[in-house]
Amino acid sequence: MLLDLLRQRRSIRKFQTTPVPPEATVQLVEAMLRSPSSRGFDPWHFVVVDDPALLKQLAAAKEHGSAFLAEAPLAIVVCADPSLSDVWIEDCSIASVILHLTAASLGLGSCWVQIRQRRHDAALGANDYLLKLLDLPESFQVEAIIGIGYPAEEQAAHPRESLHFDRVARNRYGRPWNEQG
């Protein structure tokens, strides 16, 4: 059940050295391509990276938070052609969430690396770094990189008590919602 998967899924930044099997990669790609997009414009593009040397270069994409990609057996770069849709950010985000959930359903761990509006270094944006590294068209925008592999760490599920039920209203903001209806 999806809710059970959501209850257990956590961001994983440490992976076993075991490669992601090709059949699992095919399933991940199919899941992304089946992701809903606004008006069915599908502005996203994906770059599947399993080359260890290139993964190490992806790990340097931004100043903080991407180093773990160097040890991931697989990463998927989620980018878009913004000329295809004014809501490409949302469409790429939906595809990324579908990717995370599919990975979890296959027993894989994953973690999002935000690229949009992040810096590679003081002189260069992370997007520009990746455009050059991956030979992407200049018009593309990279939303995120998702690192994927078999988990080499365990993360406890978030306890139900940590959920922000106080941020859910009934009918109008400020009117408490409760589980009993």
# chains A, B, ... in the order shown; residues from 1 in each chain; ligands from 1
call {"tool": "residues_around", "arguments": {"residues": "Leu55 of chain A", "least_positions_apart": "5", "cutoff": "8 Å", "atoms": "only C-alpha atoms", "output": "list in words"}}
result
Val49, Asp50, Leu69, Ala70, Glu71, Ala72, Pro73, Leu74 and Ala75 of chain A
call {"tool": "residues_around", "arguments": {"residues": "Gln114 of chain A", "least_positions_apart": "2", "cutoff": "12 Å", "atoms": "only C-alpha atoms", "output": "PDB file with N, CA and C atoms, in the first residue's frame"}}
result
ATOM      1  N   ALA A  59      28.891  14.645  -7.991  1.00  0.00           N
ATOM      2  CA  ALA A  59      29.007  14.913  -6.558  1.00  0.00           C
ATOM      3  C   ALA A  59      29.543  16.316  -6.280  1.00  0.00           C
ATOM      4  N   ALA A  61      28.577  18.946  -8.028  1.00  0.00           N
ATOM      5  CA  ALA A  61      27.669  19.855  -8.721  1.00  0.00           C
ATOM      6  C   ALA A  61      27.358  21.116  -7.935  1.00  0.00           C
ATOM      7  N   LYS A  62      27.284  20.996  -6.625  1.00  0.00           N
ATOM      8  CA  LYS A  62      26.974  22.192  -5.836  1.00  0.00           C
ATOM      9  C   LYS A  62      27.833  22.235  -4.593  1.00  0.00           C
ATOM     10  N   GLU A  63      27.836  23.382  -3.954  1.00  0.00           N
ATOM     11  CA  GLU A  63      28.742  23.621  -2.834  1.00  0.00           C
ATOM     12  C   GLU A  63      28.489  22.680  -1.651  1.00  0.00           C
ATOM     13  N   HIS A  64      27.227  22.392  -1.368  1.00  0.00           N
ATOM     14  CA  HIS A  64      26.886  21.564  -0.205  1.00  0.00           C
ATOM     15  C   HIS A  64      25.772  20.587  -0.572  1.00  0.00           C
ATOM     16  N   GLY A  65      25.849  19.381  -0.041  1.00  0.00           N
ATOM     17  CA  GLY A  65      24.735  18.459  -0.142  1.00  0.00           C
ATOM     18  C   GLY A  65      24.738  17.509  -1.318  1.00  0.00           C
ATOM     19  N   SER A  66      25.786  17.512  -2.128  1.00  0.00           N
ATOM     20  CA  SER A  66      25.803  16.581  -3.263  1.00  0.00           C
ATOM     21  C   SER A  66      26.959  15.582  -3.195  1.00  0.00           C
ATOM     22  N   VAL A  77      19.540  12.539 -13.339  1.00  0.00           N
ATOM     23  CA  VAL A  77      19.472  13.988 -13.417  1.00  0.00           C
ATOM     24  C   VAL A  77      18.122  14.332 -14.029  1.00  0.00           C
ATOM     25  N   VAL A  78      17.367  15.128 -13.310  1.00  0.00           N
ATOM     26  CA  VAL A  78      16.027  15.517 -13.736  1.00  0.00           C
ATOM     27  C   VAL A  78      16.098  16.959 -14.231  1.00  0.00           C
ATOM     28  N   CYS A  79      15.848  17.133 -15.519  1.00  0.00           N
ATOM     29  CA  CYS A  79      15.937  18.467 -16.104  1.00  0.00           C
ATOM     30  C   CYS A  79      14.763  18.674 -17.042  1.00  0.00           C
ATOM     31  N   ILE A  89       8.868  23.172 -13.441  1.00  0.00           N
ATOM     32  CA  ILE A  89       9.402  22.891 -12.100  1.00  0.00           C
ATOM     33  C   ILE A  89       8.496  21.890 -11.385  1.00  0.00           C
ATOM     34  N   CYS A  92       8.730  18.418 -13.114  1.00  0.00           N
ATOM     35  CA  CYS A  92       9.968  17.719 -12.740  1.00  0.00           C
ATOM     36  C   CYS A  92       9.905  17.226 -11.293  1.00  0.00           C
ATOM     37  N   SER A  93       9.292  18.015 -10.429  1.00  0.00           N
ATOM     38  CA  SER A  93       9.160  17.613  -9.030  1.00  0.00           C
ATOM     39  C   SER A  93       8.266  16.392  -8.896  1.00  0.00           C
ATOM     40  N   SER A  96      10.166  13.410  -9.980  1.00  0.00           N
ATOM     41  CA  SER A  96      11.160  13.058  -8.966  1.00  0.00           C
ATOM     42  C   SER A  96      10.534  12.296  -7.809  1.00  0.00           C
ATOM     43  N   CYS A 111      17.894   9.799  -2.593  1.00  0.00           N
ATOM     44  CA  CYS A 111      17.963  11.114  -1.965  1.00  0.00           C
ATOM     45  C   CYS A 111      18.006  12.191  -3.044  1.00  0.00           C
ATOM     46  N   TRP A 112      17.257  13.244  -2.836  1.00  0.00           N
ATOM     47  CA  TRP A 112      17.143  14.394  -3.730  1.00  0.00           C
ATOM     48  C   TRP A 112      18.318  15.348  -3.505  1.00  0.00           C
ATOM     49  N   ARG A 116      18.340  23.475  -8.898  1.00  0.00           N
ATOM     50  CA  ARG A 116      17.784  24.758  -9.323  1.00  0.00           C
ATOM     51  C   ARG A 116      18.065  25.815  -8.256  1.00  0.00           C
ATOM     52  N   GLN A 117      18.617  26.913  -8.695  1.00  0.00           N
ATOM     53  CA  GLN A 117      18.956  28.067  -7.858  1.00  0.00           C
ATOM     54  C   GLN A 117      20.044  27.775  -6.821  1.00  0.00           C
ATOM     55  N   ARG A 118      20.903  26.816  -7.115  1.00  0.00           N
ATOM     56  CA  ARG A 118      22.036  26.521  -6.236  1.00  0.00           C
ATOM     57  C   ARG A 118      23.331  26.843  -6.966  1.00  0.00           C
ATOM     58  N   ARG A 119      24.405  27.012  -6.200  1.00  0.00           N
ATOM     59  CA  ARG A 119      25.716  27.372  -6.726  1.00  0.00           C
ATOM     60  C   ARG A 119      26.625  26.156  -6.781  1.00  0.00           C
ATOM     61  N   HIS A 120      27.421  26.090  -7.849  1.00  0.00           N
ATOM     62  CA  HIS A 120      28.506  25.119  -7.925  1.00  0.00           C
ATOM     63  C   HIS A 120      29.678  25.655  -7.116  1.00  0.00           C
ATOM     64  N   ALA A 126      25.162  25.851 -10.254  1.00  0.00           N
ATOM     65  CA  ALA A 126      25.122  24.397 -10.383  1.00  0.00           C
ATOM     66  C   ALA A 126      24.493  23.988 -11.715  1.00  0.00           C
ATOM     67  N   ASN A 127      23.477  24.712 -12.155  1.00  0.00           N
ATOM     68  CA  ASN A 127      22.835  24.395 -13.429  1.00  0.00           C
ATOM     69  C   ASN A 127      23.838  24.497 -14.572  1.00  0.00           C
ATOM     70  N   GLN A 141      17.034  23.460 -18.038  1.00  0.00           N
ATOM     71  CA  GLN A 141      17.196  23.765 -16.623  1.00  0.00           C
ATOM     72  C   GLN A 141      17.217  22.442 -15.864  1.00  0.00           C
ATOM     73  N   VAL A 142      18.167  22.304 -14.964  1.00  0.00           N
ATOM     74  CA  VAL A 142      18.252  21.104 -14.127  1.00  0.00           C
ATOM     75  C   VAL A 142      17.533  21.391 -12.820  1.00  0.00           C
ATOM     76  N   GLU A 143      16.563  20.560 -12.521  1.00  0.00           N
ATOM     77  CA  GLU A 143      15.807  20.698 -11.279  1.00  0.00           C
ATOM     78  C   GLU A 143      16.534  20.013 -10.123  1.00  0.00           C
ATOM     79  N   ALA A 144      16.956  18.755 -10.349  1.00  0.00           N
ATOM     80  CA  ALA A 144      17.510  17.968  -9.252  1.00  0.00           C
ATOM     81  C   ALA A 144      18.309  16.792  -9.793  1.00  0.00           C
ATOM     82  N   ILE A 145      19.080  16.209  -8.908  1.00  0.00           N
ATOM     83  CA  ILE A 145      19.731  14.926  -9.160  1.00  0.00           C
ATOM     84  C   ILE A 145      19.233  13.999  -8.055  1.00  0.00           C
ATOM     85  N   ILE A 146      18.821  12.807  -8.433  1.00  0.00           N
ATOM     86  CA  ILE A 146      18.369  11.824  -7.453  1.00  0.00           C
ATOM     87  C   ILE A 146      19.402  10.709  -7.391  1.00  0.00           C
ATOM     88  N   GLY A 147      20.061  10.580  -6.238  1.00  0.00           N
ATOM     89  CA  GLY A 147      20.997   9.486  -6.016  1.00  0.00           C
ATOM     90  C   GLY A 147      20.226   8.240  -5.604  1.00  0.00           C
TER      91      GLY A 147
END
call {"tool": "residues_around", "arguments": {"residues": "Phe165 of chain A", "least_positions_apart": "3", "cutoff": "10 Å", "atoms": "only C-alpha atoms", "output": "list in words"}}
result
Arg160, Glu161, Ser162, Val168, Ala169, Pro176, Trp177, Asn178 and Glu179 of chain A
call {"tool": "write_last_selection", "arguments": {"atoms": "N, CA and C atoms", "output": "tab-separated table (two decimals), in the first residue's frame"}}
result
chain	number	residue	atom	x	y	z
A	160	ARG	N	4.55	9.25	13.80
A	160	ARG	CA	3.29	9.90	13.46
A	160	ARG	C	3.14	11.21	14.23
A	161	GLU	N	3.64	11.24	15.45
A	161	GLU	CA	3.53	12.44	16.29
A	161	GLU	C	4.31	13.63	15.71
A	162	SER	N	5.24	13.37	14.81
A	162	SER	CA	6.02	14.48	14.24
A	162	SER	C	5.33	15.12	13.04
A	168	VAL	N	-3.22	21.49	8.92
A	168	VAL	CA	-4.33	21.03	8.07
A	168	VAL	C	-5.60	21.65	8.62
A	169	ALA	N	-6.33	22.35	7.75
A	169	ALA	CA	-7.58	23.00	8.15
A	169	ALA	C	-8.77	22.33	7.48
A	176	PRO	N	-9.80	24.00	12.67
A	176	PRO	CA	-9.10	22.75	12.92
A	176	PRO	C	-9.67	21.56	12.15
A	177	TRP	N	-8.78	20.77	11.63
A	177	TRP	CA	-9.12	19.50	11.02
A	177	TRP	C	-8.80	18.44	12.05
A	178	ASN	N	-9.58	17.41	12.10
A	178	ASN	CA	-9.22	16.28	12.96
A	178	ASN	C	-9.54	14.99	12.25
A	179	GLU	N	-8.92	13.94	12.72
A	179	GLU	CA	-9.04	12.64	12.05
A	179	GLU	C	-10.42	12.02	12.16
call {"tool": "residues_around", "arguments": {"residues": "Glu23 of chain A", "least_positions_apart": "6", "cutoff": "12 Å", "atoms": "only C-alpha atoms", "output": "PyMOL selection string"}}
result
chain A and resi 29-30+106
call {"tool": "select_by_dssp", "arguments": {"residues": "chain A", "states": "strand (DSSP E)", "output": "MDAnalysis selection string"}}
result
chainID A and resid 44:49 74:80 109:114 141:149
call {"tool": "select_by_dssp", "arguments": {"residues": "segment 29-178 of chain A", "states": "alpha helix (DSSP H)", "output": "mmCIF file with N, CA and C atoms, in the first residue's frame"}}
result
data_model
loop_
_atom_site.group_PDB
_atom_site.id
_atom_site.type_symbol
_atom_site.label_atom_id
_atom_site.label_comp_id
_atom_site.auth_asym_id
_atom_site.auth_seq_id
_atom_site.Cartn_x
_atom_site.Cartn_y
_atom_site.Cartn_z
ATOM 1 N N VAL A 29 12.979 4.231 -14.945
ATOM 2 C CA VAL A 29 12.778 5.108 -16.104
ATOM 3 C C VAL A 29 11.316 5.082 -16.546
ATOM 4 N N GLU A 30 10.734 3.895 -16.615
ATOM 5 C CA GLU A 30 9.326 3.820 -17.025
ATOM 6 C C GLU A 30 8.430 4.586 -16.060
ATOM 7 N N ALA A 31 8.697 4.453 -14.778
ATOM 8 C CA ALA A 31 7.885 5.165 -13.781
ATOM 9 C C ALA A 31 7.966 6.685 -13.991
ATOM 10 N N MET A 32 9.175 7.195 -14.227
ATOM 11 C CA MET A 32 9.316 8.640 -14.460
ATOM 12 C C MET A 32 8.546 9.067 -15.697
ATOM 13 N N LEU A 33 8.654 8.271 -16.749
ATOM 14 C CA LEU A 33 7.993 8.628 -18.004
ATOM 15 C C LEU A 33 6.471 8.531 -17.903
ATOM 16 N N PRO A 52 31.032 5.524 -12.796
ATOM 17 C CA PRO A 52 31.603 5.987 -11.523
ATOM 18 C C PRO A 52 32.356 7.317 -11.622
ATOM 19 N N ALA A 53 33.089 7.531 -12.697
ATOM 20 C CA ALA A 53 33.826 8.788 -12.841
ATOM 21 C C ALA A 53 32.863 9.966 -12.987
ATOM 22 N N LEU A 54 31.804 9.772 -13.725
ATOM 23 C CA LEU A 54 30.822 10.837 -13.907
ATOM 24 C C LEU A 54 30.023 11.076 -12.623
ATOM 25 N N LEU A 55 29.748 10.021 -11.868
ATOM 26 C CA LEU A 55 29.077 10.184 -10.577
ATOM 27 C C LEU A 55 29.918 11.049 -9.636
ATOM 28 N N LYS A 56 31.227 10.866 -9.669
ATOM 29 C CA LYS A 56 32.108 11.699 -8.839
ATOM 30 C C LYS A 56 32.035 13.170 -9.273
ATOM 31 N N GLN A 57 31.904 13.416 -10.565
ATOM 32 C CA GLN A 57 31.761 14.791 -11.042
ATOM 33 C C GLN A 57 30.391 15.356 -10.671
ATOM 34 N N LEU A 58 29.365 14.529 -10.697
ATOM 35 C CA LEU A 58 28.044 14.980 -10.239
ATOM 36 C C LEU A 58 28.094 15.368 -8.768
ATOM 37 N N TRP A 88 7.216 23.622 -15.639
ATOM 38 C CA TRP A 88 8.215 22.563 -15.719
ATOM 39 C C TRP A 88 8.774 22.198 -14.347
ATOM 40 N N ILE A 89 8.868 23.172 -13.441
ATOM 41 C CA ILE A 89 9.402 22.891 -12.100
ATOM 42 C C ILE A 89 8.496 21.890 -11.385
ATOM 43 N N GLU A 90 7.203 22.143 -11.435
ATOM 44 C CA GLU A 90 6.253 21.245 -10.807
ATOM 45 C C GLU A 90 6.281 19.871 -11.473
ATOM 46 N N ASP A 91 6.319 19.846 -12.803
ATOM 47 C CA ASP A 91 6.335 18.574 -13.515
ATOM 48 C C ASP A 91 7.583 17.759 -13.183
ATOM 49 N N CYS A 92 8.730 18.418 -13.114
ATOM 50 C CA CYS A 92 9.968 17.719 -12.740
ATOM 51 C C CYS A 92 9.905 17.226 -11.293
ATOM 52 N N SER A 93 9.292 18.015 -10.429
ATOM 53 C CA SER A 93 9.160 17.613 -9.030
ATOM 54 C C SER A 93 8.266 16.392 -8.896
ATOM 55 N N ILE A 94 7.174 16.370 -9.648
ATOM 56 C CA ILE A 94 6.285 15.204 -9.619
ATOM 57 C C ILE A 94 7.044 13.964 -10.092
ATOM 58 N N ALA A 95 7.760 14.082 -11.209
ATOM 59 C CA ALA A 95 8.529 12.943 -11.726
ATOM 60 C C ALA A 95 9.565 12.477 -10.698
ATOM 61 N N SER A 96 10.166 13.410 -9.980
ATOM 62 C CA SER A 96 11.160 13.058 -8.966
ATOM 63 C C SER A 96 10.534 12.296 -7.809
ATOM 64 N N VAL A 97 9.360 12.719 -7.379
ATOM 65 C CA VAL A 97 8.673 12.004 -6.298
ATOM 66 C C VAL A 97 8.281 10.597 -6.753
ATOM 67 N N ILE A 98 7.785 10.486 -7.984
ATOM 68 C CA ILE A 98 7.456 9.162 -8.529
ATOM 69 C C ILE A 98 8.716 8.285 -8.542
ATOM 70 N N LEU A 99 9.846 8.876 -8.905
ATOM 71 C CA LEU A 99 11.113 8.149 -8.914
ATOM 72 C C LEU A 99 11.475 7.669 -7.509
ATOM 73 N N HIS A 100 11.374 8.539 -6.506
ATOM 74 C CA HIS A 100 11.662 8.149 -5.121
ATOM 75 C C HIS A 100 10.779 6.985 -4.671
ATOM 76 N N LEU A 101 9.496 7.078 -4.954
ATOM 77 C CA LEU A 101 8.572 6.039 -4.499
ATOM 78 C C LEU A 101 8.794 4.727 -5.228
ATOM 79 N N THR A 102 9.089 4.804 -6.508
ATOM 80 C CA THR A 102 9.380 3.585 -7.264
ATOM 81 C C THR A 102 10.663 2.941 -6.738
ATOM 82 N N ALA A 103 11.682 3.755 -6.482
ATOM 83 C CA ALA A 103 12.925 3.217 -5.916
ATOM 84 C C ALA A 103 12.638 2.498 -4.601
ATOM 85 N N ALA A 104 11.871 3.123 -3.726
ATOM 86 C CA ALA A 104 11.548 2.506 -2.437
ATOM 87 C C ALA A 104 10.783 1.199 -2.635
ATOM 88 N N SER A 105 9.884 1.163 -3.607
ATOM 89 C CA SER A 105 9.112 -0.053 -3.845
ATOM 90 C C SER A 105 9.994 -1.192 -4.352
ATOM 91 N N ALA A 126 25.162 25.851 -10.254
ATOM 92 C CA ALA A 126 25.122 24.397 -10.383
ATOM 93 C C ALA A 126 24.493 23.988 -11.715
ATOM 94 N N ASN A 127 23.477 24.712 -12.155
ATOM 95 C CA ASN A 127 22.835 24.395 -13.429
ATOM 96 C C ASN A 127 23.838 24.497 -14.572
ATOM 97 N N ASP A 128 24.594 25.587 -14.624
ATOM 98 C CA ASP A 128 25.564 25.778 -15.703
ATOM 99 C C ASP A 128 26.658 24.716 -15.672
ATOM 100 N N TYR A 129 27.090 24.345 -14.472
ATOM 101 C CA TYR A 129 28.078 23.277 -14.324
ATOM 102 C C TYR A 129 27.559 21.983 -14.961
ATOM 103 N N LEU A 130 26.299 21.644 -14.677
ATOM 104 C CA LEU A 130 25.728 20.402 -15.187
ATOM 105 C C LEU A 130 25.411 20.461 -16.672
ATOM 106 N N LEU A 131 25.010 21.621 -17.172
ATOM 107 C CA LEU A 131 24.769 21.748 -18.610
ATOM 108 C C LEU A 131 26.023 21.356 -19.379
ATOM 109 N N LYS A 132 27.159 21.879 -18.911
ATOM 110 C CA LYS A 132 28.432 21.598 -19.583
ATOM 111 C C LYS A 132 28.857 20.141 -19.368
ATOM 112 N N LEU A 133 28.789 19.678 -18.132
ATOM 113 C CA LEU A 133 29.239 18.327 -17.793
ATOM 114 C C LEU A 133 28.480 17.259 -18.582
#
call {"tool": "closest_residue", "arguments": {"among": "A:Leu28, A:Val20, A:Leu2, A:Leu124", "to": "Asp51 of chain A", "atoms": "only C-alpha atoms"}}
result
A:Val20
call {"tool": "residues_around", "arguments": {"residues": "Ala156 of chain A", "least_positions_apart": "5", "cutoff": "10 Å", "atoms": "only C-alpha atoms", "output": "number ranges by chain"}}
result
A: 7-10
call {"tool": "write_last_selection", "arguments": {"atoms": "C-alpha atoms", "output": "PDB file, in the first residue's frame"}}
result
ATOM      1  CA  ARG A   7       5.579   5.793   6.225  1.00  0.00           C
ATOM      2  CA  GLN A   8       8.875   3.942   5.763  1.00  0.00           C
ATOM      3  CA  ARG A   9      10.646   5.899   2.997  1.00  0.00           C
ATOM      4  CA  ARG A  10      13.531   8.103   4.135  1.00  0.00           C
TER       5      ARG A  10
END
call {"tool": "residues_around", "arguments": {"residues": "Pro82 of chain A", "least_positions_apart": "3", "cutoff": "9 Å", "atoms": "only C-alpha atoms", "output": "ChimeraX atom specification"}}
result
/A:43-44,85-89,139-141
call {"tool": "atom_distance", "arguments": {"atom1": "atom CA of Gly174 of chain A", "atom2": "atom CA of Ala157 of chain A"}}
result
28.7 Å
call {"tool": "closest_residue", "arguments": {"among": "A:Gly109, A:Ser83, A:Gln27, A:Ser37", "to": "Ala152 of chain A", "atoms": "only C-alpha atoms"}}
result
A:Gly109
call {"tool": "closest_residue", "arguments": {"among": "A:Pro36, A:Pro159, A:Pro19, A:Gly125", "to": "Leu108 of chain A", "atoms": "only C-alpha atoms"}}
result
A:Pro19
call {"tool": "atom_distance", "arguments": {"atom1": "atom CA of His164 of chain A", "atom2": "atom CA of Leu3 of chain A"}}
result
16.3 Å
